[in-house]
>>> print(open('data-v6.tsv').read())   # TSV, C-alpha atoms
chain	number	residue	atom	x	y	z
A	22	MET	CA	-7.64	70.72	-8.40
A	23	THR	CA	-10.01	71.31	-11.28
A	24	GLN	CA	-10.17	67.62	-11.97
A	25	GLU	CA	-11.00	66.92	-8.37
A	26	LEU	CA	-13.76	69.53	-8.47
A	27	GLU	CA	-15.11	68.11	-11.72
A	28	HIS	CA	-15.17	64.64	-10.29
A	29	LYS	CA	-16.90	65.77	-7.11
A	30	PHE	CA	-19.51	67.68	-9.06
A	31	VAL	CA	-20.29	64.86	-11.45
A	32	SER	CA	-20.64	62.39	-8.58
A	33	GLU	CA	-23.04	64.66	-6.73
A	34	LEU	CA	-25.11	65.25	-9.84
A	35	GLU	CA	-25.10	61.55	-10.70
A	36	LYS	CA	-26.55	60.82	-7.28
A	37	ASN	CA	-29.20	63.54	-7.59
A	38	GLN	CA	-29.94	63.27	-11.30
A	39	ASN	CA	-33.57	62.35	-10.71
A	40	ILE	CA	-34.34	65.92	-9.69
A	41	VAL	CA	-33.22	67.12	-13.10
A	42	HIS	CA	-35.10	64.34	-14.87
A	43	LYS	CA	-38.26	65.30	-13.06
A	44	ILE	CA	-37.92	68.94	-14.09
A	45	CYS	CA	-37.39	67.83	-17.67
A	46	ARG	CA	-40.47	65.65	-17.47
A	47	ILE	CA	-42.55	68.70	-16.56
A	48	TYR	CA	-40.99	71.14	-19.04
A	49	ALA	CA	-39.88	69.11	-22.03
A	50	ASP	CA	-42.25	68.04	-24.77
A	51	SER	CA	-40.23	65.28	-26.33
A	52	PRO	CA	-37.39	62.90	-25.47
A	53	ASP	CA	-35.05	65.16	-27.49
A	54	ALA	CA	-36.12	68.21	-25.56
A	55	HIS	CA	-35.69	66.23	-22.36
A	56	ASN	CA	-32.05	65.51	-23.18
A	57	ASP	CA	-31.44	69.04	-24.34
A	58	LEU	CA	-32.82	70.59	-21.19
A	59	PHE	CA	-30.96	68.06	-19.04
A	60	GLN	CA	-27.76	69.12	-20.72
A	61	GLU	CA	-28.40	72.83	-20.27
A	62	ILE	CA	-29.19	72.34	-16.58
A	63	THR	CA	-25.98	70.35	-16.16
A	64	ILE	CA	-24.00	73.17	-17.77
A	65	GLN	CA	-25.63	75.80	-15.58
A	66	LEU	CA	-25.09	73.72	-12.44
A	67	TRP	CA	-21.44	73.28	-13.30
A	68	LYS	CA	-21.06	77.00	-13.97
A	69	ALA	CA	-22.51	77.82	-10.58
A	70	TYR	CA	-20.71	75.02	-8.74
A	71	PRO	CA	-17.62	77.03	-7.71
A	72	LYS	CA	-19.97	79.24	-5.72
A	73	PHE	CA	-21.62	76.30	-3.99
A	74	ARG	CA	-20.44	76.50	-0.41
A	75	GLY	CA	-21.68	73.24	0.89
A	76	ASP	CA	-23.57	74.89	3.74
A	77	ALA	CA	-26.75	73.88	1.98
A	78	LYS	CA	-27.52	70.41	0.73
A	79	PHE	CA	-26.47	69.83	-2.85
A	80	SER	CA	-29.99	68.78	-3.78
A	81	THR	CA	-31.53	71.95	-2.28
A	82	TRP	CA	-29.06	74.08	-4.16
A	83	MET	CA	-29.88	72.18	-7.35
A	84	TYR	CA	-33.58	72.95	-7.28
A	85	ARG	CA	-33.06	76.66	-7.80
A	86	ILE	CA	-30.55	76.47	-10.58
A	87	ALA	CA	-32.39	73.70	-12.38
A	88	LEU	CA	-35.71	75.54	-12.20
A	89	ASN	CA	-34.13	78.84	-13.15
A	90	THR	CA	-32.65	77.17	-16.19
A	91	ALA	CA	-35.90	75.54	-17.24
A	92	ILE	CA	-37.97	78.70	-16.78
A	93	THR	CA	-35.63	81.54	-17.63
A	94	LEU	CA	-32.41	80.55	-19.32
A	95	TYR	CA	-33.25	77.63	-21.54
A	96	ARG	CA	-33.59	78.38	-25.20
A	97	LYS	CA	-35.60	75.78	-27.00
A	98	SER	CA	-33.82	74.89	-30.15
A	99	LYS	CA	-35.79	75.09	-33.35
A	100	ARG	CA	-35.19	71.55	-34.42
A	101	GLN	CA	-37.37	70.35	-31.59
A	102	ILE	CA	-40.76	69.88	-33.01
A	103	LYS	CA	-43.47	69.40	-30.49
A	104	THR	CA	-44.26	65.76	-30.52
A	105	GLN	CA	-47.56	64.78	-29.18
A	106	GLY	CA	-47.74	61.54	-27.39
A	107	TYR	CA	-44.45	61.80	-25.53
A	108	ASP	CA	-46.43	61.30	-22.38
A	109	SER	CA	-48.24	58.30	-23.66
A	110	VAL	CA	-44.93	56.72	-24.61
A	111	ILE	CA	-43.62	57.17	-21.11
A	112	HIS	CA	-46.84	55.87	-19.66
A	113	LYS	CA	-46.62	52.68	-21.61
A	114	VAL	CA	-43.05	51.98	-20.64
A	115	LYS	CA	-43.99	49.80	-17.74
A	116	ALA	CA	-46.95	47.62	-17.12
A	117	ARG	CA	-48.70	49.10	-14.17
A	118	GLN	CA	-50.57	47.39	-11.43
A	119	TYR	CA	-53.05	50.23	-11.25
A	120	ASP	CA	-56.53	49.60	-12.36
A	121	ASP	CA	-57.57	51.26	-15.58
A	122	THR	CA	-59.43	54.19	-14.10
A	123	GLU	CA	-56.54	55.19	-11.89
A	124	GLU	CA	-54.12	54.84	-14.76
A	125	GLN	CA	-56.37	56.90	-16.97
A	126	GLN	CA	-56.78	59.53	-14.30
A	127	LEU	CA	-53.04	59.91	-13.86
A	128	LYS	CA	-52.47	60.16	-17.54
A	129	LEU	CA	-54.98	62.97	-17.78
A	130	MET	CA	-53.37	64.70	-14.83
A	131	TYR	CA	-49.96	64.71	-16.49
A	132	GLN	CA	-51.49	66.03	-19.67
A	133	ALA	CA	-53.30	68.75	-17.75
A	134	ILE	CA	-50.05	69.86	-16.10
A	135	LYS	CA	-48.46	70.21	-19.53
A	136	GLN	CA	-51.07	72.84	-20.34
A	137	LEU	CA	-50.09	75.10	-17.44
A	138	ASN	CA	-47.74	78.04	-17.92
A	139	ASP	CA	-44.07	77.83	-16.92
A	140	ILE	CA	-44.53	79.43	-13.52
A	141	GLU	CA	-47.52	77.24	-12.67
A	142	LYS	CA	-45.53	74.19	-13.68
A	143	ALA	CA	-42.81	75.23	-11.24
A	144	LEU	CA	-45.35	75.44	-8.43
A	145	VAL	CA	-46.80	72.04	-9.24
A	146	PHE	CA	-43.32	70.55	-9.51
A	147	LEU	CA	-42.27	71.85	-6.09
A	148	TYR	CA	-45.59	70.74	-4.64
A	149	LEU	CA	-45.13	67.24	-5.99
A	150	GLU	CA	-41.63	67.27	-4.56
A	151	ASP	CA	-43.21	67.75	-1.15
A	152	LYS	CA	-41.79	71.22	-0.61
A	153	ASN	CA	-43.65	73.40	1.85
A	154	TYR	CA	-45.07	76.79	0.90
A	155	LYS	CA	-42.17	78.62	2.49
A	156	GLU	CA	-39.67	76.80	0.30
A	157	ILE	CA	-41.85	77.19	-2.79
A	158	ALA	CA	-42.15	80.91	-2.10
A	159	GLU	CA	-38.41	81.35	-1.60
A	160	THR	CA	-37.52	79.46	-4.75
A	161	LEU	CA	-39.84	81.54	-6.88
A	162	GLY	CA	-39.25	84.84	-5.09
A	163	ILE	CA	-42.84	85.44	-4.03
A	164	THR	CA	-44.55	85.51	-0.62
A	165	ASP	CA	-45.85	82.43	1.20
A	166	VAL	CA	-49.38	83.76	0.93
A	167	ASN	CA	-49.06	84.25	-2.81
A	168	ALA	CA	-47.68	80.76	-3.24
A	169	ARG	CA	-50.59	79.28	-1.29
A	170	VAL	CA	-53.21	81.32	-3.13
A	171	LYS	CA	-51.66	80.43	-6.47
A	172	MET	CA	-51.47	76.74	-5.65
A	173	ASN	CA	-55.18	76.73	-4.85
A	174	ARG	CA	-55.88	78.47	-8.14
A	175	ILE	CA	-53.84	75.90	-9.99
A	176	LYS	CA	-55.80	73.10	-8.36
A	177	THR	CA	-59.00	74.70	-9.57
A	178	LYS	CA	-57.51	75.22	-12.99
A	179	LEU	CA	-56.43	71.59	-13.25
A	180	LYS	CA	-59.88	70.54	-12.20
A	181	LYS	CA	-61.37	72.59	-14.99
A	182	ILE	CA	-59.01	71.12	-17.55
A	183	LEU	CA	-59.89	67.62	-16.37
A	184	ASN	CA	-63.64	68.20	-16.19
A	185	PRO	CA	-64.48	70.74	-18.83
B	19	MET	CA	-59.31	67.04	-6.90
B	20	MET	CA	-57.23	66.97	-3.76
B	21	ASP	CA	-57.25	63.20	-3.96
B	22	GLU	CA	-56.08	63.24	-7.52
B	23	LEU	CA	-53.15	65.48	-6.76
B	24	GLU	CA	-52.18	63.28	-3.83
B	25	LEU	CA	-52.48	60.27	-6.06
B	26	LEU	CA	-50.21	62.02	-8.52
B	27	LYS	CA	-47.70	62.74	-5.77
B	28	LYS	CA	-47.40	59.04	-5.03
B	29	ASP	CA	-47.11	58.18	-8.69
B	30	TRP	CA	-44.56	60.97	-9.11
B	31	LYS	CA	-42.21	59.24	-6.70
B	32	LYS	CA	-42.79	55.77	-8.10
B	33	ARG	CA	-41.91	56.91	-11.56
B	34	GLU	CA	-38.41	57.85	-10.58
B	35	GLN	CA	-37.30	54.38	-11.47
B	36	GLU	CA	-38.35	54.91	-15.06
B	37	PHE	CA	-35.79	57.58	-15.74
B	38	PRO	CA	-32.70	56.69	-17.69
B	39	LYS	CA	-29.74	56.42	-15.36
B	40	LEU	CA	-27.00	58.62	-16.71
B	41	SER	CA	-23.51	57.46	-15.95
B	42	HIS	CA	-20.67	59.51	-14.52
B	43	ASP	CA	-19.24	59.67	-18.02
B	44	ASP	CA	-22.49	60.86	-19.64
B	45	ILE	CA	-22.80	63.70	-17.17
B	46	TYR	CA	-19.16	64.64	-17.54
B	47	LYS	CA	-19.58	64.95	-21.30
B	48	MET	CA	-22.70	67.09	-20.92
B	49	MET	CA	-21.03	69.36	-18.42
B	50	LEU	CA	-18.37	70.36	-20.93
B	51	LYS	CA	-20.82	71.23	-23.69
B	52	LYS	CA	-21.56	74.82	-24.60
B	53	SER	CA	-24.52	76.55	-23.05
B	54	SER	CA	-27.26	77.85	-25.31
B	55	SER	CA	-28.91	80.06	-22.70
B	56	TYR	CA	-30.67	83.32	-23.46
B	57	VAL	CA	-28.37	85.27	-21.19
B	58	LYS	CA	-25.37	84.27	-23.24
B	59	TRP	CA	-26.97	85.57	-26.43
B	60	ILE	CA	-28.16	88.75	-24.81
B	61	PHE	CA	-24.69	89.25	-23.40
B	62	TYR	CA	-23.02	88.87	-26.81
B	63	ILE	CA	-25.46	91.18	-28.52
B	64	SER	CA	-25.00	93.77	-25.78
B	65	ILE	CA	-21.23	93.61	-26.19
B	66	ILE	CA	-21.63	94.25	-29.92
B	67	GLU	CA	-23.92	97.19	-29.19
B	68	LEU	CA	-21.52	98.70	-26.71
B	69	GLY	CA	-18.66	98.12	-29.12
B	70	LEU	CA	-20.49	99.85	-31.96
B	71	GLY	CA	-21.16	102.87	-29.75
B	72	ILE	CA	-17.51	103.08	-28.81
B	73	LEU	CA	-16.34	102.68	-32.40
B	74	VAL	CA	-18.65	105.45	-33.53
B	75	ALA	CA	-17.39	107.68	-30.73
B	76	ILE	CA	-13.75	107.02	-31.64
B	77	PHE	CA	-13.93	107.21	-35.40
B	78	TYR	CA	-16.76	109.52	-36.04
B	79	HIS	CA	-15.83	112.92	-34.83
B	80	PRO	CA	-17.99	115.57	-36.44
B	81	SER	CA	-15.02	117.77	-37.31
B	82	TYR	CA	-13.17	115.06	-39.24
B	83	GLU	CA	-14.95	115.20	-42.52
B	84	LYS	CA	-15.12	118.84	-42.68
B	85	GLU	CA	-14.56	121.24	-45.39
B	86	PHE	CA	-17.13	123.31	-43.58
B	87	PRO	CA	-16.79	124.41	-39.98
B	88	LEU	CA	-19.64	123.16	-37.83
B	89	PRO	CA	-21.18	125.11	-34.96
B	90	ARG	CA	-19.04	125.10	-31.79
B	91	PHE	CA	-21.52	123.25	-29.62
B	92	MET	CA	-21.07	120.15	-31.77
B	93	ASP	CA	-17.77	119.61	-30.03
B	94	PHE	CA	-19.59	119.86	-26.76
B	95	ILE	CA	-22.11	117.20	-27.79
B	96	TYR	CA	-19.26	114.98	-28.84
B	97	LEU	CA	-17.47	115.47	-25.52
B	98	ILE	CA	-20.44	114.53	-23.38
B	99	THR	CA	-20.75	111.19	-25.15
B	100	ILE	CA	-17.47	110.02	-23.59
B	101	PRO	CA	-18.55	110.00	-19.92
B	102	ILE	CA	-21.90	108.56	-21.03
B	103	ILE	CA	-20.19	105.62	-22.70
B	104	ILE	CA	-17.87	105.05	-19.73
B	105	TYR	CA	-20.84	105.08	-17.38
B	106	PHE	CA	-22.73	102.55	-19.48
B	107	ILE	CA	-19.79	100.18	-19.76
B	108	TYR	CA	-19.51	100.20	-15.99
B	109	ARG	CA	-23.25	99.56	-15.49
B	110	PHE	CA	-23.25	96.89	-18.15
B	111	PHE	CA	-20.61	94.75	-16.44
B	112	LYS	CA	-22.08	95.37	-13.02
B	113	ASN	CA	-25.49	94.21	-14.27
B	114	TYR	CA	-24.17	91.04	-15.81
B	115	GLN	CA	-22.24	90.22	-12.67
B	116	GLN	CA	-25.46	90.39	-10.74
B	117	ILE	CA	-27.23	87.81	-12.87
B	118	SER	CA	-27.10	84.72	-10.73
B	119	THR	CA	-28.68	81.34	-11.25
B	120	THR	CA	-28.78	80.81	-7.49
B	121	ALA	CA	-31.19	83.72	-7.03
B	122	SER	CA	-34.92	83.13	-6.86
B	123	VAL	CA	-36.74	82.78	-10.17
B	124	LYS	CA	-38.09	86.31	-9.83
B	125	GLU	CA	-34.75	87.87	-8.93
B	126	LEU	CA	-33.05	86.18	-11.84
B	127	MET	CA	-35.65	87.45	-14.28
B	128	LYS	CA	-35.44	90.90	-12.80
B	129	SER	CA	-31.68	91.07	-13.12
B	130	ILE	CA	-31.78	89.95	-16.76
B	131	LEU	CA	-34.45	92.50	-17.61
B	132	LYS	CA	-32.47	95.18	-15.78
B	133	ALA	CA	-29.32	94.38	-17.74
B	134	ARG	CA	-31.36	94.61	-20.89
B	135	ARG	CA	-32.86	97.96	-19.92
B	136	THR	CA	-29.43	99.47	-19.40
B	137	VAL	CA	-28.31	98.57	-22.89
B	138	LYS	CA	-31.64	99.73	-24.26
B	139	LEU	CA	-31.15	103.13	-22.67
B	140	TYR	CA	-27.63	103.26	-24.03
B	141	ILE	CA	-28.87	102.55	-27.54
B	142	LEU	CA	-31.65	105.12	-27.23
B	143	ILE	CA	-29.24	107.82	-26.07
B	144	ASN	CA	-26.80	106.94	-28.83
B	145	ILE	CA	-29.51	107.06	-31.44
B	146	CYS	CA	-30.84	110.40	-30.16
B	147	LEU	CA	-27.37	111.92	-30.11
B	148	GLY	CA	-26.63	110.46	-33.53
B	149	GLY	CA	-29.86	111.92	-34.83
B	150	ILE	CA	-29.16	115.36	-33.40
B	151	ILE	CA	-25.60	115.35	-34.74
B	152	SER	CA	-26.59	114.30	-38.22
B	153	ILE	CA	-29.46	116.79	-38.47
B	154	ILE	CA	-27.22	119.65	-37.35
B	155	SER	CA	-24.37	118.59	-39.61
B	156	LEU	CA	-26.62	118.20	-42.62
B	157	THR	CA	-28.25	121.55	-42.03
B	158	ALA	CA	-25.01	123.38	-41.35
B	159	THR	CA	-23.43	121.93	-44.46
B	160	PHE	CA	-26.41	122.85	-46.58
B	161	ILE	CA	-26.50	126.39	-45.31
B	162	GLN	CA	-22.81	126.93	-45.85
B	163	LEU	CA	-22.98	125.57	-49.34
B	164	ASN	CA	-25.33	128.42	-50.07
B	165	GLU	CA	-24.17	131.32	-47.97
B	166	ASP	CA	-22.86	132.48	-44.64
B	167	TRP	CA	-24.26	131.86	-41.22
B	168	GLU	CA	-24.70	135.56	-40.61
B	169	GLN	CA	-26.89	136.04	-43.57
B	170	LEU	CA	-29.21	133.30	-42.56
B	171	SER	CA	-31.81	135.27	-40.69
B	172	SER	CA	-32.11	137.96	-43.28
B	173	SER	CA	-32.08	135.57	-46.12
B	174	GLU	CA	-34.94	135.34	-48.51
B	175	LYS	CA	-34.23	131.65	-48.70
B	176	LEU	CA	-35.37	131.12	-45.13
B	177	LYS	CA	-38.29	129.05	-46.28
B	178	GLU	CA	-36.01	126.87	-48.33
B	179	TYR	CA	-33.82	126.25	-45.29
B	180	PHE	CA	-36.72	125.27	-43.17
B	181	THR	CA	-37.88	122.85	-45.81
B	182	PHE	CA	-34.41	121.35	-45.89
B	183	ILE	CA	-34.24	121.05	-42.10
B	184	LEU	CA	-37.60	119.36	-42.10
B	185	ILE	CA	-36.46	116.88	-44.74
B	186	ALA	CA	-33.26	116.23	-42.77
B	187	ILE	CA	-35.26	115.53	-39.62
B	188	VAL	CA	-37.73	113.22	-41.33
B	189	ALA	CA	-35.00	111.31	-43.17
B	190	THR	CA	-32.94	110.88	-40.00
B	191	ALA	CA	-35.98	109.79	-38.02
B	192	LEU	CA	-36.85	107.23	-40.69
B	193	ILE	CA	-33.37	105.73	-40.78
B	194	LEU	CA	-33.13	105.59	-37.00
B	195	GLY	CA	-36.65	104.21	-36.84
B	196	VAL	CA	-35.63	101.28	-39.02
B	197	PHE	CA	-32.65	100.62	-36.74
B	198	LEU	CA	-34.86	100.71	-33.69
B	199	ALA	CA	-37.39	98.39	-35.27
B	200	ILE	CA	-34.71	95.81	-36.06
B	201	TYR	CA	-33.38	96.20	-32.54
B	202	TYR	CA	-36.73	95.62	-30.88
B	203	LEU	CA	-37.51	92.72	-33.15
B	204	LEU	CA	-34.24	91.05	-32.16
B	205	TYR	CA	-34.92	91.34	-28.47
B	206	GLY	CA	-38.59	90.68	-28.85
B	207	ILE	CA	-37.73	87.23	-30.13
B	208	LEU	CA	-35.06	86.58	-27.53
B	209	LEU	CA	-36.96	87.84	-24.53
B	210	LYS	CA	-40.47	86.79	-25.44
B	211	ARG	CA	-40.62	83.80	-23.13
B	212	LEU	CA	-38.86	85.56	-20.28
B	213	LYS	CA	-41.21	88.51	-20.42
B	214	ARG	CA	-44.25	86.26	-20.53
B	215	ASN	CA	-43.06	84.30	-17.51
B	216	TYR	CA	-42.21	87.46	-15.63
B	217	LYS	CA	-45.69	88.75	-16.29
B	218	HIS	CA	-47.22	85.56	-14.91
B	219	LEU	CA	-45.11	85.89	-11.80
B	220	LYS	CA	-46.01	89.54	-11.36
B	221	LYS	CA	-49.66	88.77	-11.82
B	222	MET	CA	-49.50	86.30	-8.96
B	223	GLU	CA	-48.55	89.12	-6.63
B	224	GLY	CA	-51.31	91.28	-7.94
B	225	ASP	CA	-54.19	88.95	-7.24
B	226	GLU	CA	-53.66	88.12	-3.60
>>> encode(input="data-v6.tsv", output="structure tokens")
Amino acid sequence: MTQELEHKFVSELEKNQNIVHKICRIYADSPDAHNDLFQEITIQLWKAYPKFRGDAKFSTWMYRIALNTAITLYRKSKRQIKTQGYDSVIHKVKARQYDDTEEQQLKLMYQAIKQLNDIEKALVFLYLEDKNYKEIAETLGITDVNARVKMNRIKTKLKKILNP
Amino acid sequence: MMDELELLKKDWKKREQEFPKLSHDDIYKMMLKKSSSYVKWIFYISIIELGLGILVAIFYHPSYEKEFPLPRFMDFIYLITIPIIIYFIYRFFKNYQQISTTASVKELMKSILKARRTVKLYILINICLGGIISIISLTATFIQLNEDWEQLSSSEKLKEYFTFILIAIVATALILGVFLAIYYLLYGILLKRLKRNYKHLKKMEGDE
């Protein structure tokens, strides 16, 4: 029984692992931190899995637990030293077809997001994931109006970071 | 700006292919690792705190170490600590049960902070009671070393007694203050990030 449950869980997570990777990309500062956070999210998901009823989609259910882990539960270990340039490494991984200005623009955008606080990052993450304001509000536990207002503020804030 | 964020959205999806693909086996191994979450640490520390309170209540009864009889109401103070401890143990487990990772970010933070507040209150009450008990015991012992209770009010040494009581209070307050400082430092470190994030979330509601 347990084995069956374990197998089912791992398969589901394997299929949806990109969601976790994307959260790590927003919250982790280095490849080490990325792996560490991925692991903690996996543990928390597994801990909560017995309560997962299957009336919601697995991916929807994952968003909450993964974000909760990244924002509230995760304890950065001391050995992780902030490494600058993690972003630039990722950006160089693949040769892009973008022209230089677009590439440059995107790079700056990712860097700007890194400067936001944890809650703002969550909003941006959910926004990039194409979630509507109702879903964003429910995930964070705030009202739709607040989510909308805050998202507009973040856009202004990002603009300021990009064009000081 | 809007355009840039939309541009980012497109890029965001494209980049999914860049992520390392973890295998079934990789995920299985991760799943069995031990969590290093804040809640776990806070939970352990809280258990230790509750345990210390209980140990003190069991083993430290004011009348144990007594060559000198203490005032009657000391027994009363001791007795009221028992229902207090039972109440806090109940609240403690109830609180931790309510911490759920499937709640919204705000609810989760709230439930952790609530669990923390309960133990904080428990510690404060314990420290206050401990302070009161030690001040009374110290004073009573001192007085009886010198003379009888009855003679206290008429005593010429009244001033001396007051000085002693004052010293007892200051010394107790200092010792308990050090304990409290260590205690707050411990949680300050553990809960720093959580509190900061909770503040950001609360602020969002404030500036509608």
>>> atom_distance(input="data-v6.tsv", atom1="atom CA of B:Tyr56", atom2="atom CA of B:Leu209")
7.8 Å
>>> atom_distance(input="data-v6.tsv", atom1="atom CA of B:Met49", atom2="atom CA of B:Arg33")
25.3 Å
>>> closest_residue(input="data-v6.tsv", among="B:Phe182, B:Trp59, B:Phe197, B:Tyr140", to="B:Gly71", atoms="all atoms listed in the file")
B:Tyr140
>>> atom_distance(input="data-v6.tsv", atom1="atom CA of B:Leu26", atom2="atom CA of A:Tyr131")
8.4 Å
>>> closest_atom_pairs(input="data-v6.tsv", of="stretch 99-165 of chain B", to="stretch 157-165 of chain A", cutoff="12 Å", atoms="only C-alpha atoms", output="CSV")
residue,atom,partner,partner_atom,distance
B:Thr119,CA,A:Thr160,CA,11.1
B:Thr120,CA,A:Thr160,CA,9.3
B:Ala121,CA,A:Thr160,CA,8.0
B:Ser122,CA,A:Thr160,CA,5.0
B:Val123,CA,A:Leu161,CA,4.7
B:Lys124,CA,A:Gly162,CA,5.1
B:Glu125,CA,A:Gly162,CA,6.6
B:Leu126,CA,A:Gly162,CA,9.3
B:Met127,CA,A:Gly162,CA,10.2
B:Lys128,CA,A:Gly162,CA,10.5
>>> write_last_selection(input="data-v6.tsv", atoms="C-alpha atoms", output="tab-separated table (two decimals), in the frame of the given file")
chain	number	residue	atom	x	y	z
B	119	THR	CA	-28.68	81.34	-11.25
B	120	THR	CA	-28.78	80.81	-7.49
B	121	ALA	CA	-31.19	83.72	-7.03
B	122	SER	CA	-34.92	83.13	-6.86
B	123	VAL	CA	-36.74	82.78	-10.17
B	124	LYS	CA	-38.09	86.31	-9.83
B	125	GLU	CA	-34.75	87.87	-8.93
B	126	LEU	CA	-33.05	86.18	-11.84
B	127	MET	CA	-35.65	87.45	-14.28
B	128	LYS	CA	-35.44	90.90	-12.80
>>> build_atoms(input="data-v6.tsv", residues="stretch 182-188 of chain B", atoms="all heavy atoms", output="PDB file, keeping the file's coordinate frame")
ATOM      1  N   PHE B 182     -35.531 122.275 -45.924  1.00  0.00           N
ATOM      2  CA  PHE B 182     -34.410 121.350 -45.890  1.00  0.00           C
ATOM      3  C   PHE B 182     -34.254 120.713 -44.505  1.00  0.00           C
ATOM      4  O   PHE B 182     -34.064 119.504 -44.374  1.00  0.00           O
ATOM      5  CB  PHE B 182     -33.107 122.039 -46.281  1.00  0.00           C
ATOM      6  CG  PHE B 182     -31.959 121.080 -46.280  1.00  0.00           C
ATOM      7  CD1 PHE B 182     -31.742 120.240 -47.363  1.00  0.00           C
ATOM      8  CD2 PHE B 182     -31.134 120.957 -45.167  1.00  0.00           C
ATOM      9  CE1 PHE B 182     -30.715 119.315 -47.350  1.00  0.00           C
ATOM     10  CE2 PHE B 182     -30.108 120.023 -45.148  1.00  0.00           C
ATOM     11  CZ  PHE B 182     -29.894 119.211 -46.243  1.00  0.00           C
ATOM     12  N   ILE B 183     -34.365 121.569 -43.469  1.00  0.00           N
ATOM     13  CA  ILE B 183     -34.240 121.050 -42.100  1.00  0.00           C
ATOM     14  C   ILE B 183     -35.303 119.993 -41.832  1.00  0.00           C
ATOM     15  O   ILE B 183     -35.032 118.932 -41.290  1.00  0.00           O
ATOM     16  CB  ILE B 183     -34.353 122.207 -41.071  1.00  0.00           C
ATOM     17  CG1 ILE B 183     -33.141 123.132 -41.200  1.00  0.00           C
ATOM     18  CG2 ILE B 183     -34.431 121.668 -39.644  1.00  0.00           C
ATOM     19  CD1 ILE B 183     -33.236 124.414 -40.399  1.00  0.00           C
ATOM     20  N   LEU B 184     -36.497 120.294 -42.293  1.00  0.00           N
ATOM     21  CA  LEU B 184     -37.600 119.360 -42.100  1.00  0.00           C
ATOM     22  C   LEU B 184     -37.296 118.019 -42.781  1.00  0.00           C
ATOM     23  O   LEU B 184     -37.474 116.946 -42.205  1.00  0.00           O
ATOM     24  CB  LEU B 184     -38.886 119.965 -42.664  1.00  0.00           C
ATOM     25  CG  LEU B 184     -40.164 119.394 -42.072  1.00  0.00           C
ATOM     26  CD1 LEU B 184     -40.321 119.844 -40.625  1.00  0.00           C
ATOM     27  CD2 LEU B 184     -41.378 119.806 -42.893  1.00  0.00           C
ATOM     28  N   ILE B 185     -36.794 118.111 -44.007  1.00  0.00           N
ATOM     29  CA  ILE B 185     -36.460 116.880 -44.740  1.00  0.00           C
ATOM     30  C   ILE B 185     -35.363 116.120 -43.995  1.00  0.00           C
ATOM     31  O   ILE B 185     -35.434 114.897 -43.826  1.00  0.00           O
ATOM     32  CB  ILE B 185     -36.020 117.204 -46.193  1.00  0.00           C
ATOM     33  CG1 ILE B 185     -37.226 117.726 -46.985  1.00  0.00           C
ATOM     34  CG2 ILE B 185     -35.434 115.966 -46.881  1.00  0.00           C
ATOM     35  CD1 ILE B 185     -36.871 118.309 -48.343  1.00  0.00           C
ATOM     36  N   ALA B 186     -34.354 116.867 -43.507  1.00  0.00           N
ATOM     37  CA  ALA B 186     -33.260 116.230 -42.770  1.00  0.00           C
ATOM     38  C   ALA B 186     -33.790 115.496 -41.545  1.00  0.00           C
ATOM     39  O   ALA B 186     -33.402 114.358 -41.257  1.00  0.00           O
ATOM     40  CB  ALA B 186     -32.226 117.274 -42.364  1.00  0.00           C
ATOM     41  N   ILE B 187     -34.705 116.147 -40.832  1.00  0.00           N
ATOM     42  CA  ILE B 187     -35.260 115.530 -39.620  1.00  0.00           C
ATOM     43  C   ILE B 187     -36.045 114.267 -39.969  1.00  0.00           C
ATOM     44  O   ILE B 187     -35.851 113.212 -39.368  1.00  0.00           O
ATOM     45  CB  ILE B 187     -36.147 116.532 -38.850  1.00  0.00           C
ATOM     46  CG1 ILE B 187     -35.273 117.637 -38.247  1.00  0.00           C
ATOM     47  CG2 ILE B 187     -36.934 115.823 -37.750  1.00  0.00           C
ATOM     48  CD1 ILE B 187     -36.054 118.773 -37.599  1.00  0.00           C
ATOM     49  N   VAL B 188     -36.902 114.377 -40.966  1.00  0.00           N
ATOM     50  CA  VAL B 188     -37.730 113.220 -41.330  1.00  0.00           C
ATOM     51  C   VAL B 188     -36.860 112.063 -41.810  1.00  0.00           C
ATOM     52  O   VAL B 188     -37.040 110.911 -41.382  1.00  0.00           O
ATOM     53  CB  VAL B 188     -38.766 113.612 -42.419  1.00  0.00           C
ATOM     54  CG1 VAL B 188     -39.478 112.373 -42.950  1.00  0.00           C
ATOM     55  CG2 VAL B 188     -39.783 114.590 -41.851  1.00  0.00           C
TER      56      VAL B 188
END
